Amino acid sequence: SQQGEEDPQALSIQEGENATMNCSYKTSINNLQWYRQNSGRGLVHLILIRSNEREKHSGRLRVTLDTSKKSSSLLITASRAADTASYFCATSNQAGTALIFGKGTTLSVSS
Amino acid sequence: GAVVSQHPSRVICKSGTSVKIECRSLDFQATTMFWYRQFPKKSLMLMATSNEGSKATYEQGVEKDKFLINHASLTLSTLTVTSAHPEDSSFYICSAMTGAGYEQYFGPGTRLTVT
């Protein structure tokens, strides 16, 4: 079963602009992770934020987590055409268990 | 870093035949592997959890007799799609974890097309 929703489902922006994607989930979590998937390819792990963290940065990525609202956001700053991909959030509530994925946001960055 | 491979990357088979997909952890021992399925433009749906040396745990709605999973060693899990039908055409992705934490390592996926 899927954990929740991402919005928007699709996002089109110009190079240099920032892209913000949101993810909501339903159950309690230990951590939330964001993944990227290029068309027809496997998943690339981007960042993991733990339930006791509120914000995390990695390069041009900024992730926030609001456990009271059961939501997270992924911000990609100064986007590039190479950022074009689908982005998924995934949650985990117990070590050794499978991730539950959101529906994903398809990002298109045009040059 | 931890690397997971899948083989084959693409396979086309005829309806009624069986197809085996391998998932290998190349540089670590995976106590647990997961199999996901992804339809076009959709998210990943967990099919089953595979623990080395024991029977796989299937998600609700996934036929265990159709999707046979074997986790014979700490570095290899296989998914066999038996008597494949066109509706089984999909992208199958495995992931592996050591069991020590929460990080999963994903394979590159296998594109199955059943004609």
# chains A, B, ... in the order shown; residues from 1 in each chain; ligands from 1
call {"tool": "residues_around", "arguments": {"residues": "Val81 of chain B", "least_positions_apart": "6", "cutoff": "7 Å", "atoms": "only C-alpha atoms", "output": "list in words"}}
result
Ser18, Val19, Lys20, Lys66, Phe67 and Leu68 of chain B
call {"tool": "select_by_dssp", "arguments": {"residues": "chain B", "states": "strand (DSSP E)", "output": "PyMOL selection string"}}
result
chain B and resi 4-7+10-13+19-25+32-38+44-51+57-58+67-73+76-81+90-97+105-106+110-114
call {"tool": "interface_residues", "arguments": {"of": "chain B", "to": "chain A", "cutoff": "9 Å", "atoms": "only C-alpha atoms", "output": "PDB file with C-alpha atoms, in the first residue's frame"}}
result
ATOM      1  CA  THR B  31      19.780 -10.240   5.218  1.00  0.00           C
ATOM      2  CA  THR B  32      16.652  -8.789   3.689  1.00  0.00           C
ATOM      3  CA  MET B  33      15.702  -8.057   0.118  1.00  0.00           C
ATOM      4  CA  PHE B  34      12.540  -6.487  -1.177  1.00  0.00           C
ATOM      5  CA  PRO B  40       4.433   3.194 -16.187  1.00  0.00           C
ATOM      6  CA  LYS B  41       4.232   6.624 -14.627  1.00  0.00           C
ATOM      7  CA  LYS B  42       3.325   5.095 -11.286  1.00  0.00           C
ATOM      8  CA  SER B  43       5.041   4.620  -7.987  1.00  0.00           C
ATOM      9  CA  LEU B  44       6.714   1.523  -6.590  1.00  0.00           C
ATOM     10  CA  MET B  45       4.462  -1.050  -5.002  1.00  0.00           C
ATOM     11  CA  LEU B  46       5.962  -3.554  -2.597  1.00  0.00           C
ATOM     12  CA  ALA B  48       7.225  -9.141  -1.111  1.00  0.00           C
ATOM     13  CA  THR B  49       9.899  -9.187   1.546  1.00  0.00           C
ATOM     14  CA  GLU B  59       1.884  -8.275   0.277  1.00  0.00           C
ATOM     15  CA  GLN B  60      -1.849  -8.546   0.059  1.00  0.00           C
ATOM     16  CA  PHE B  91       9.304  -2.757 -14.220  1.00  0.00           C
ATOM     17  CA  ILE B  93      12.968  -3.402  -8.860  1.00  0.00           C
ATOM     18  CA  SER B  95      16.336  -3.532  -2.959  1.00  0.00           C
ATOM     19  CA  MET B  97      19.464  -4.019   3.223  1.00  0.00           C
ATOM     20  CA  THR B  98      21.810  -5.324   5.845  1.00  0.00           C
ATOM     21  CA  GLY B  99      19.192  -5.284   8.535  1.00  0.00           C
ATOM     22  CA  ALA B 100      21.344  -3.084  10.703  1.00  0.00           C
ATOM     23  CA  GLY B 101      19.465   0.074   9.904  1.00  0.00           C
ATOM     24  CA  TYR B 102      17.087   1.730   7.558  1.00  0.00           C
ATOM     25  CA  GLU B 103      19.108   2.259   4.429  1.00  0.00           C
ATOM     26  CA  GLN B 104      18.062   0.292   1.399  1.00  0.00           C
ATOM     27  CA  TYR B 105      20.072  -0.098  -1.757  1.00  0.00           C
ATOM     28  CA  PHE B 106      18.157  -0.409  -4.976  1.00  0.00           C
ATOM     29  CA  GLY B 107      18.942  -2.385  -8.070  1.00  0.00           C
ATOM     30  CA  PRO B 108      18.644  -0.779 -11.509  1.00  0.00           C
ATOM     31  CA  GLY B 109      15.425  -2.613 -12.296  1.00  0.00           C
ATOM     32  CA  THR B 110      14.289  -5.190 -14.841  1.00  0.00           C
ATOM     33  CA  ARG B 111      11.872  -4.327 -17.616  1.00  0.00           C
TER      34      ARG B 111
END
call {"tool": "atom_distance", "arguments": {"atom1": "atom CA of Thr57 of chain B", "atom2": "atom CA of Arg50 of chain A"}}
result
26.5 Å
call {"tool": "closest_residue", "arguments": {"among": "A:Lys70, A:Lys26, A:Arg80, A:Arg36", "to": "Arg54 of chain A", "atoms": "only C-alpha atoms"}}
result
A:Lys70
call {"tool": "atom_distance", "arguments": {"atom1": "atom CA of Ser79 of chain A", "atom2": "atom CA of Asn18 of chain A"}}
result
5.8 Å
